[in-house]
$ cat work.csv   # CSV, C-alpha atoms
chain,number,residue,atom,x,y,z
D,1,MET,CA,-14.3,41.2,2.9
D,2,LYS,CA,-13.0,38.8,0.3
D,3,VAL,CA,-13.4,35.0,0.1
D,4,ARG,CA,-12.4,32.5,-2.4
D,5,VAL,CA,-14.9,29.8,-3.3
D,6,LYS,CA,-14.0,26.4,-4.7
D,7,PHE,CA,-16.3,24.1,-6.6
D,8,PHE,CA,-15.8,20.3,-7.1
D,9,ALA,CA,-17.3,17.4,-8.8
D,10,ALA,CA,-21.1,17.9,-9.6
D,11,LEU,CA,-20.9,21.5,-8.4
D,12,HIS,CA,-18.0,22.2,-10.8
D,13,ASP,CA,-20.2,20.9,-13.6
D,14,MET,CA,-23.2,23.0,-12.5
D,15,THR,CA,-21.3,26.3,-12.2
D,16,GLY,CA,-18.7,25.7,-14.9
D,17,ARG,CA,-16.3,27.3,-12.5
D,18,ARG,CA,-13.4,25.9,-10.4
D,19,GLU,CA,-13.0,29.0,-8.3
D,20,LEU,CA,-14.6,32.3,-7.7
D,21,ASN,CA,-13.3,35.3,-5.8
D,22,LEU,CA,-16.1,37.2,-4.1
D,23,GLU,CA,-16.6,40.3,-2.0
D,24,VAL,CA,-19.1,39.4,0.8
D,25,ARG,CA,-20.4,41.1,3.8
D,26,GLU,CA,-18.8,40.6,7.2
D,27,GLY,CA,-20.2,37.7,9.3
D,28,LEU,CA,-21.9,36.0,6.4
D,29,THR,CA,-22.2,32.2,7.1
D,30,VAL,CA,-21.2,29.5,4.7
D,31,SER,CA,-24.8,28.4,4.2
D,32,GLU,CA,-25.9,31.9,3.5
D,33,LEU,CA,-23.1,32.3,1.0
D,34,TYR,CA,-24.3,29.1,-0.7
D,35,ARG,CA,-27.9,30.4,-0.8
D,36,ASP,CA,-26.6,33.6,-2.4
D,37,LEU,CA,-24.7,31.6,-5.0
D,38,CYS,CA,-27.9,29.7,-5.9
D,39,ALA,CA,-29.3,33.0,-7.3
D,40,ARG,CA,-26.3,33.2,-9.6
D,41,PHE,CA,-26.1,29.5,-10.4
D,42,PRO,CA,-29.7,28.1,-10.1
D,43,ARG,CA,-28.7,24.5,-10.5
D,44,LEU,CA,-26.9,24.6,-7.2
D,45,ALA,CA,-30.2,24.7,-5.4
D,46,ASN,CA,-30.7,21.0,-6.2
D,47,HIS,CA,-27.7,20.2,-4.0
D,48,SER,CA,-28.3,22.3,-0.9
D,49,ALA,CA,-29.7,19.5,1.3
D,50,SER,CA,-26.8,17.1,1.0
D,51,LEU,CA,-23.9,19.5,1.2
D,52,MET,CA,-21.0,19.7,3.6
D,53,TYR,CA,-19.0,22.9,4.1
D,54,GLY,CA,-15.3,23.4,4.2
D,55,VAL,CA,-13.4,26.5,5.3
D,56,ASN,CA,-9.6,26.6,4.9
D,57,ALA,CA,-9.5,22.9,4.3
D,58,GLU,CA,-11.5,21.9,7.4
D,59,TYR,CA,-15.1,20.7,7.7
D,60,VAL,CA,-17.3,23.4,9.4
D,61,SER,CA,-21.0,23.6,10.3
D,62,ALA,CA,-23.6,25.4,8.2
D,63,ASP,CA,-23.7,28.4,10.5
D,64,HIS,CA,-19.9,29.0,10.5
D,65,PRO,CA,-19.2,32.7,10.0
D,66,LEU,CA,-16.7,33.6,7.2
D,67,GLY,CA,-13.6,35.7,7.7
D,68,ASP,CA,-11.6,37.8,5.4
D,69,GLY,CA,-9.4,35.8,3.0
D,70,ASP,CA,-11.2,32.5,3.8
D,71,GLU,CA,-11.1,29.7,1.3
D,72,VAL,CA,-14.6,28.1,1.1
D,73,ALA,CA,-15.4,24.8,-0.4
D,74,PHE,CA,-18.9,23.4,-1.0
D,75,ILE,CA,-18.5,19.6,-0.6
D,76,PRO,CA,-21.0,17.3,-2.3
D,77,PRO,CA,-21.3,13.9,-0.6
D,78,VAL,CA,-18.2,11.8,-1.2
D,79,SER,CA,-18.7,8.6,-3.1
D,80,GLY,CA,-18.4,6.3,0.0
D,81,GLY,CA,-17.2,3.4,-2.0
D,82,ALA,CA,-19.4,0.5,-2.9
D,83,HIS,CA,-20.7,-0.5,0.5
D,84,ALA,CA,-24.3,-0.4,-0.8
D,85,HIS,CA,-23.8,-2.8,-3.7
J,1,MET,CA,3.8,7.9,7.3
J,2,LEU,CA,3.4,8.7,3.7
J,3,ILE,CA,0.4,10.5,2.2
J,4,SER,CA,0.0,11.4,-1.5
J,5,ILE,CA,-2.6,12.6,-3.9
J,6,THR,CA,-1.5,12.4,-7.5
J,7,ALA,CA,-2.7,12.3,-11.1
J,8,ASP,CA,0.1,9.8,-11.9
J,9,PRO,CA,-0.5,6.0,-12.0
J,10,LEU,CA,-0.1,4.4,-8.6
J,11,ASP,CA,2.7,1.9,-7.9
J,12,PRO,CA,2.4,-0.1,-4.6
J,13,GLN,CA,6.1,-0.8,-4.3
J,14,PRO,CA,7.3,2.5,-2.8
J,15,LEU,CA,4.5,2.3,-0.2
J,16,ILE,CA,5.5,-1.2,0.7
J,17,GLU,CA,9.1,-0.2,1.1
J,18,HIS,CA,8.1,2.9,3.1
J,19,VAL,CA,6.1,1.0,5.7
J,20,ARG,CA,8.3,-2.2,5.9
J,21,ARG,CA,10.4,-2.6,9.1
J,22,ASP,CA,12.7,-5.3,10.4
J,23,GLU,CA,10.5,-5.7,13.4
J,24,SER,CA,7.3,-6.0,11.4
J,25,GLY,CA,6.2,-9.4,10.2
J,26,ALA,CA,3.3,-8.2,8.2
J,27,VAL,CA,2.5,-5.7,5.5
J,28,ALA,CA,-1.2,-5.5,4.5
J,29,LEU,CA,-1.8,-3.9,1.1
J,30,PHE,CA,-5.1,-2.7,-0.3
J,31,LEU,CA,-5.6,-1.7,-3.9
J,32,GLY,CA,-8.9,-0.1,-4.9
J,33,VAL,CA,-9.3,-0.7,-8.6
J,34,VAL,CA,-11.7,0.5,-11.3
J,35,ARG,CA,-14.3,-2.2,-12.1
J,36,ASN,CA,-16.2,-2.6,-15.3
J,37,SER,CA,-19.7,-2.3,-14.0
J,38,ASN,CA,-21.8,-0.5,-11.4
J,39,LEU,CA,-25.6,-0.6,-10.7
J,40,GLY,CA,-26.0,-2.9,-13.7
J,41,ARG,CA,-24.3,-0.5,-16.1
J,42,ARG,CA,-21.2,-1.1,-18.1
J,43,VAL,CA,-18.6,1.4,-17.0
J,44,LEU,CA,-16.3,2.8,-19.6
J,45,HIS,CA,-14.0,4.8,-17.3
J,46,LEU,CA,-14.0,6.8,-14.1
J,47,GLU,CA,-12.9,10.4,-13.3
J,48,TYR,CA,-11.8,11.4,-9.8
J,49,ASP,CA,-11.9,14.9,-8.7
J,50,ALA,CA,-10.4,16.0,-5.4
J,51,TYR,CA,-9.9,19.0,-3.2
J,52,PRO,CA,-6.2,18.3,-2.9
J,53,GLN,CA,-5.2,20.4,0.2
J,54,MET,CA,-8.1,19.2,2.2
J,55,ALA,CA,-7.9,15.6,1.0
J,56,GLU,CA,-4.3,15.4,2.0
J,57,LYS,CA,-5.1,16.8,5.4
J,58,LYS,CA,-8.0,14.3,5.8
J,59,LEU,CA,-5.8,11.3,4.7
J,60,ARG,CA,-3.2,12.4,7.2
J,61,GLN,CA,-5.8,12.5,10.0
J,62,VAL,CA,-7.0,9.0,9.1
J,63,ALA,CA,-3.5,7.7,9.2
J,64,GLU,CA,-3.0,9.3,12.6
J,65,GLU,CA,-6.2,7.9,13.9
J,66,ILE,CA,-5.3,4.4,12.7
J,67,THR,CA,-1.8,4.7,14.2
J,68,SER,CA,-3.3,5.7,17.6
J,69,ARG,CA,-5.9,2.9,17.6
J,70,TRP,CA,-3.8,-0.1,16.4
J,71,PRO,CA,-0.3,-1.2,17.3
J,72,ILE,CA,1.0,-0.8,13.8
J,73,THR,CA,4.5,0.3,12.8
J,74,ASP,CA,3.6,2.5,9.8
J,75,ILE,CA,1.0,3.4,7.2
J,76,ALA,CA,1.1,4.8,3.7
J,77,ILE,CA,-1.8,6.1,1.7
J,78,ALA,CA,-1.9,7.2,-2.0
J,79,HIS,CA,-5.0,8.3,-3.9
J,80,ARG,CA,-5.2,9.0,-7.6
J,81,THR,CA,-7.1,11.7,-9.4
J,82,GLY,CA,-8.1,12.3,-13.0
J,83,ARG,CA,-9.3,9.8,-15.6
J,84,LEU,CA,-8.8,6.1,-14.7
J,85,GLU,CA,-9.4,3.2,-17.0
J,86,ILE,CA,-10.9,-0.2,-16.0
J,87,GLY,CA,-8.4,-2.1,-14.0
J,88,GLU,CA,-6.3,0.9,-12.9
J,89,THR,CA,-5.6,1.5,-9.2
J,90,SER,CA,-7.4,4.5,-7.6
J,91,LEU,CA,-6.4,3.9,-4.0
J,92,LEU,CA,-3.4,2.3,-2.2
J,93,VAL,CA,-3.2,1.6,1.5
J,94,ALA,CA,-0.2,-0.2,3.0
J,95,VAL,CA,0.0,-1.0,6.7
J,96,SER,CA,2.8,-2.7,8.6
J,97,SER,CA,2.7,-4.3,12.0
J,98,PRO,CA,4.5,-7.0,14.0
J,99,HIS,CA,1.7,-9.5,13.4
J,100,ARG,CA,-0.8,-9.8,10.5
J,101,HIS,CA,-4.1,-9.5,12.5
J,102,GLU,CA,-3.5,-5.8,13.3
J,103,ALA,CA,-2.3,-5.0,9.8
J,104,PHE,CA,-5.4,-6.5,8.2
J,105,GLU,CA,-7.8,-4.8,10.6
J,106,ALA,CA,-6.1,-1.4,10.5
J,107,CYS,CA,-5.9,-1.5,6.7
J,108,GLU,CA,-9.6,-2.2,6.3
J,109,HIS,CA,-10.5,0.5,8.8
J,110,ALA,CA,-8.3,3.0,7.0
J,111,VAL,CA,-10.0,2.3,3.7
J,112,ASN,CA,-13.5,2.8,5.2
J,113,ARG,CA,-12.5,6.0,6.9
J,114,ILE,CA,-10.9,7.4,3.7
J,115,LYS,CA,-14.1,6.9,1.8
J,116,GLU,CA,-16.1,8.7,4.6
J,117,VAL,CA,-14.0,11.8,5.1
J,118,ALA,CA,-11.7,12.5,2.1
J,119,PRO,CA,-13.1,15.1,-0.3
J,120,ILE,CA,-12.6,13.0,-3.3
J,121,TRP,CA,-15.3,12.3,-5.8
J,122,LYS,CA,-15.9,9.7,-8.5
J,123,LYS,CA,-17.6,10.3,-11.8
J,124,GLU,CA,-18.7,7.2,-13.6
J,125,VAL,CA,-18.8,7.4,-17.4
J,126,TRP,CA,-20.9,4.7,-19.0
J,127,GLU,CA,-22.5,4.0,-22.3
J,128,GLY,CA,-25.0,6.9,-22.9
J,129,GLY,CA,-24.2,9.0,-19.9
J,130,GLU,CA,-22.2,9.9,-16.8
J,131,THR,CA,-22.9,10.5,-13.2
J,132,TRP,CA,-21.1,11.7,-10.1
J,133,LEU,CA,-21.5,9.1,-7.4
J,134,GLU,CA,-22.8,10.7,-4.2
J,135,GLY,CA,-23.4,9.0,-0.9
J,136,LYS,CA,-23.6,5.2,-0.7
J,137,GLY,CA,-24.8,4.2,-4.2
J,138,GLN,CA,-26.9,7.3,-4.7
J,139,THR,CA,-26.5,9.0,-8.1
J,140,THR,CA,-27.3,12.2,-9.8
J,141,LEU,CA,-28.1,11.2,-13.4
J,142,GLN,CA,-26.8,13.5,-16.1
J,143,PRO,CA,-27.5,11.9,-19.4
J,144,GLN,CA,-25.2,13.3,-22.1
$ encode --input "work.csv" --output "C-alpha cells"
Amino acid sequence: MKVRVKFFAALHDMTGRRELNLEVREGLTVSELYRDLCARFPRLANHSASLMYGVNAEYVSADHPLGDGDEVAFIPPVSGGAHAH
Amino acid sequence: MLISITADPLDPQPLIEHVRRDESGAVALFLGVVRNSNLGRRVLHLEYDAYPQMAEKKLRQVAEEITSRWPITDIAIAHRTGRLEIGETSLLVAVSSPHRHEAFEACEHAVNRIKEVAPIWKKEVWEGGETWLEGKGQTTLQPQ
C-alpha cells in the first residue's frame, strides 16, 4: 500500500525532504515506519524519543496501523512558547 | 470563529472586527511578537514552519474548546509562518465577551493551548548558528 510522509522543522532539515511517497507493507505502524526511515536517514534516530505522530492531520499513538493512502507526519515537539524562561 | 495560517504579515484589525458584537463589552487581543533575545543569545530573526492542514484543524479545536468553556461571544486566531523579523507578529488571538474577565481568561488559555497542540515550529537564527526550539526551552543546536 502507498503512504505519503511529511517532514517538518528539524526533520525537514535532517532529511532534506518535505514529502516522500512510499510503498509499505499492510498493517505497518507509524513508529515502525519511522524506524524504517531511520535506516535511510540516519540523523532521524536522534529524534525518535520525543516524536509525536500524525495520520491524516490527527495525532495518533505510536502503534497506530497505517492504511492505504494515509498521510503520515512525524511531529517534533512544538516550541511551547517561552514558559520556561 | 475565524482561523487562519498565513505567510503574510498579520493585521489585528480584521480579527477585532470579526469578533466584535453589540452585546459584547470586551475584546481581548493578544499579539505574540518576535523578541530580540532568547537564552542569552541575540536573535536575528525567526522562521516558522507549520503543517498547515493539521495546524488549522488544531487551532479550530482550541477555539471550540474555549467557546465551550467560557461564555465568550466569538474568537479569532491567526498564526504566521515563514521568516519573521524582530518585532513582527507571529500570533494573534482576539476574544470577545460581554465582560472583560472572561475575555482575558479565555484569551490567555487559548494562547497556552495553541502552543501545546498546534504543529507549528520555530527556528531561531542567531549570530553564529540556528536552532529549532523544541519543548519548553529545549534546543537542538545546529551550528552553521
$ interface_residues --input "work.csv" --of "chain J" --to "chain D" --cutoff "7 Å" --atoms "only C-alpha atoms" --output "list in words"
Asp49, Gln53, Met54, Lys115, Glu116, Pro119, Ile120, Trp121, Lys122, Trp132, Leu133, Glu134, Gly135, Lys136 and Gly137 of chain J
$ residues_around --input "work.csv" --residues "Lys57 in chain J" --least-positions-apart "2" --cutoff "12 Å" --atoms "all atoms listed in the file" --output "ChimeraX atom specification"
/D:56-59 /J:2-5,51-55,59-64,77,114,117-119
$ residues_around --input "work.csv" --residues "Val30 in chain D" --least-positions-apart "2" --cutoff "6 Å" --atoms "only C-alpha atoms" --output "list in words"
Glu32, Leu33, Ala62 and His64 of chain D
$ residues_around --input "work.csv" --residues "range 79-81 of chain J" --least-positions-apart "4" --cutoff "6 Å" --atoms "all atoms listed in the file" --output "MDAnalysis selection string"
chainID J and resid 5:7 48:49 90:91
$ atom_distance --input "work.csv" --atom1 "CA of Val24 in chain D" --atom2 "CA of Ala50 in chain J"
25.7 Å
$ atom_distance --input "work.csv" --atom1 "CA of Arg42 in chain J" --atom2 "CA of Trp126 in chain J"
5.9 Å
$ atom_distance --input "work.csv" --atom1 "CA of Arg43 in chain D" --atom2 "CA of Gly129 in chain J"
18.7 Å
$ residues_around --input "work.csv" --residues "Leu92 in chain J" --least-positions-apart "3" --cutoff "12 Å" --atoms "only C-alpha atoms" --output "PDB file with C-alpha atoms, in the frame of the given file"
ATOM      1  CA  LEU J   2       3.400   8.700   3.700  1.00  0.00           C
ATOM      2  CA  ILE J   3       0.400  10.500   2.200  1.00  0.00           C
ATOM      3  CA  SER J   4       0.000  11.400  -1.500  1.00  0.00           C
ATOM      4  CA  ILE J   5      -2.600  12.600  -3.900  1.00  0.00           C
ATOM      5  CA  THR J   6      -1.500  12.400  -7.500  1.00  0.00           C
ATOM      6  CA  PRO J   9      -0.500   6.000 -12.000  1.00  0.00           C
ATOM      7  CA  LEU J  10      -0.100   4.400  -8.600  1.00  0.00           C
ATOM      8  CA  ASP J  11       2.700   1.900  -7.900  1.00  0.00           C
ATOM      9  CA  PRO J  12       2.400  -0.100  -4.600  1.00  0.00           C
ATOM     10  CA  GLN J  13       6.100  -0.800  -4.300  1.00  0.00           C
ATOM     11  CA  PRO J  14       7.300   2.500  -2.800  1.00  0.00           C
ATOM     12  CA  LEU J  15       4.500   2.300  -0.200  1.00  0.00           C
ATOM     13  CA  ILE J  16       5.500  -1.200   0.700  1.00  0.00           C
ATOM     14  CA  ALA J  28      -1.200  -5.500   4.500  1.00  0.00           C
ATOM     15  CA  LEU J  29      -1.800  -3.900   1.100  1.00  0.00           C
ATOM     16  CA  PHE J  30      -5.100  -2.700  -0.300  1.00  0.00           C
ATOM     17  CA  LEU J  31      -5.600  -1.700  -3.900  1.00  0.00           C
ATOM     18  CA  GLY J  32      -8.900  -0.100  -4.900  1.00  0.00           C
ATOM     19  CA  VAL J  33      -9.300  -0.700  -8.600  1.00  0.00           C
ATOM     20  CA  LEU J  59      -5.800  11.300   4.700  1.00  0.00           C
ATOM     21  CA  ILE J  75       1.000   3.400   7.200  1.00  0.00           C
ATOM     22  CA  ALA J  76       1.100   4.800   3.700  1.00  0.00           C
ATOM     23  CA  ILE J  77      -1.800   6.100   1.700  1.00  0.00           C
ATOM     24  CA  ALA J  78      -1.900   7.200  -2.000  1.00  0.00           C
ATOM     25  CA  HIS J  79      -5.000   8.300  -3.900  1.00  0.00           C
ATOM     26  CA  ARG J  80      -5.200   9.000  -7.600  1.00  0.00           C
ATOM     27  CA  GLU J  88      -6.300   0.900 -12.900  1.00  0.00           C
ATOM     28  CA  THR J  89      -5.600   1.500  -9.200  1.00  0.00           C
ATOM     29  CA  VAL J  95       0.000  -1.000   6.700  1.00  0.00           C
ATOM     30  CA  CYS J 107      -5.900  -1.500   6.700  1.00  0.00           C
ATOM     31  CA  GLU J 108      -9.600  -2.200   6.300  1.00  0.00           C
ATOM     32  CA  ALA J 110      -8.300   3.000   7.000  1.00  0.00           C
ATOM     33  CA  VAL J 111     -10.000   2.300   3.700  1.00  0.00           C
ATOM     34  CA  ILE J 114     -10.900   7.400   3.700  1.00  0.00           C
TER      35      ILE J 114
END
$ closest_residue --input "work.csv" --among "J:Leu84, J:Ile72, J:Val19, J:Val93" --to "Asn36 in chain J" --atoms "only C-alpha atoms"
J:Leu84
$ residues_around --input "work.csv" --residues "His45 in chain J" --least-positions-apart "3" --cutoff "9 Å" --atoms "all atoms listed in the file" --output "list in words"
Val34, Arg35, Asn36, Arg83, Leu84, Glu85, Ile86, Lys123, Glu124, Val125 and Trp126 of chain J
$ build_atoms --input "work.csv" --residues "range 14-42 of chain D" --atoms "N, CA and C atoms" --output "short mmCIF file (atom, residue, chain, number, x, y, z; two decimals), in the frame of the given file"
data_model
loop_
_atom_site.label_atom_id
_atom_site.label_comp_id
_atom_site.auth_asym_id
_atom_site.auth_seq_id
_atom_site.Cartn_x
_atom_site.Cartn_y
_atom_site.Cartn_z
N MET D 14 -21.99 22.09 -12.50
CA MET D 14 -23.20 23.00 -12.50
C MET D 14 -22.83 24.44 -12.64
N THR D 15 -21.67 24.83 -12.16
CA THR D 15 -21.30 26.30 -12.20
C THR D 15 -20.38 26.55 -13.40
N GLY D 16 -19.71 25.51 -13.90
CA GLY D 16 -18.70 25.70 -14.90
C GLY D 16 -17.48 26.45 -14.40
N ARG D 17 -17.38 26.55 -13.08
CA ARG D 17 -16.30 27.30 -12.50
C ARG D 17 -15.52 26.35 -11.51
N ARG D 18 -14.25 26.57 -11.40
CA ARG D 18 -13.40 25.90 -10.40
C ARG D 18 -13.32 26.73 -9.17
N GLU D 19 -13.26 28.02 -9.40
CA GLU D 19 -13.00 29.00 -8.30
C GLU D 19 -13.63 30.27 -8.60
N LEU D 20 -13.95 30.98 -7.54
CA LEU D 20 -14.60 32.30 -7.70
C LEU D 20 -14.13 33.15 -6.55
N ASN D 21 -13.69 34.36 -6.88
CA ASN D 21 -13.30 35.30 -5.80
C ASN D 21 -14.48 36.27 -5.63
N LEU D 22 -14.93 36.39 -4.39
CA LEU D 22 -16.10 37.20 -4.10
C LEU D 22 -15.87 38.18 -3.00
N GLU D 23 -16.59 39.29 -3.11
CA GLU D 23 -16.60 40.30 -2.00
C GLU D 23 -17.93 40.01 -1.28
N VAL D 24 -17.85 39.69 -0.01
CA VAL D 24 -19.10 39.40 0.80
C VAL D 24 -19.11 40.22 2.03
N ARG D 25 -20.30 40.28 2.64
CA ARG D 25 -20.40 41.10 3.80
C ARG D 25 -19.84 40.37 5.05
N GLU D 26 -19.34 41.12 5.96
CA GLU D 26 -18.80 40.60 7.20
C GLU D 26 -19.77 39.73 7.95
N GLY D 27 -19.31 38.58 8.44
CA GLY D 27 -20.20 37.70 9.30
C GLY D 27 -21.10 36.81 8.50
N LEU D 28 -21.05 36.87 7.18
CA LEU D 28 -21.90 36.00 6.40
C LEU D 28 -21.49 34.51 6.72
N THR D 29 -22.50 33.62 6.84
CA THR D 29 -22.20 32.20 7.10
C THR D 29 -22.00 31.45 5.84
N VAL D 30 -21.40 30.26 5.94
CA VAL D 30 -21.20 29.50 4.70
C VAL D 30 -22.46 29.09 4.03
N SER D 31 -23.50 28.76 4.81
CA SER D 31 -24.80 28.40 4.20
C SER D 31 -25.45 29.56 3.52
N GLU D 32 -25.30 30.73 4.14
CA GLU D 32 -25.90 31.90 3.50
C GLU D 32 -25.15 32.24 2.20
N LEU D 33 -23.85 32.05 2.20
CA LEU D 33 -23.10 32.30 1.00
C LEU D 33 -23.58 31.33 -0.13
N TYR D 34 -23.82 30.05 0.25
CA TYR D 34 -24.30 29.10 -0.70
C TYR D 34 -25.66 29.52 -1.30
N ARG D 35 -26.54 29.99 -0.39
CA ARG D 35 -27.90 30.40 -0.80
C ARG D 35 -27.74 31.62 -1.79
N ASP D 36 -26.83 32.52 -1.49
CA ASP D 36 -26.60 33.60 -2.40
C ASP D 36 -26.12 33.16 -3.78
N LEU D 37 -25.26 32.15 -3.76
CA LEU D 37 -24.70 31.60 -5.00
C LEU D 37 -25.78 30.92 -5.85
N CYS D 38 -26.80 30.37 -5.17
CA CYS D 38 -27.90 29.70 -5.90
C CYS D 38 -28.63 30.67 -6.81
N ALA D 39 -28.64 31.96 -6.45
CA ALA D 39 -29.30 33.00 -7.30
C ALA D 39 -28.51 33.13 -8.59
N ARG D 40 -27.19 33.04 -8.47
CA ARG D 40 -26.30 33.20 -9.60
C ARG D 40 -26.23 31.93 -10.47
N PHE D 41 -26.22 30.79 -9.76
CA PHE D 41 -26.10 29.50 -10.40
C PHE D 41 -27.33 28.63 -9.94
N PRO D 42 -28.50 28.78 -10.58
CA PRO D 42 -29.70 28.10 -10.10
C PRO D 42 -29.62 26.63 -9.87
#
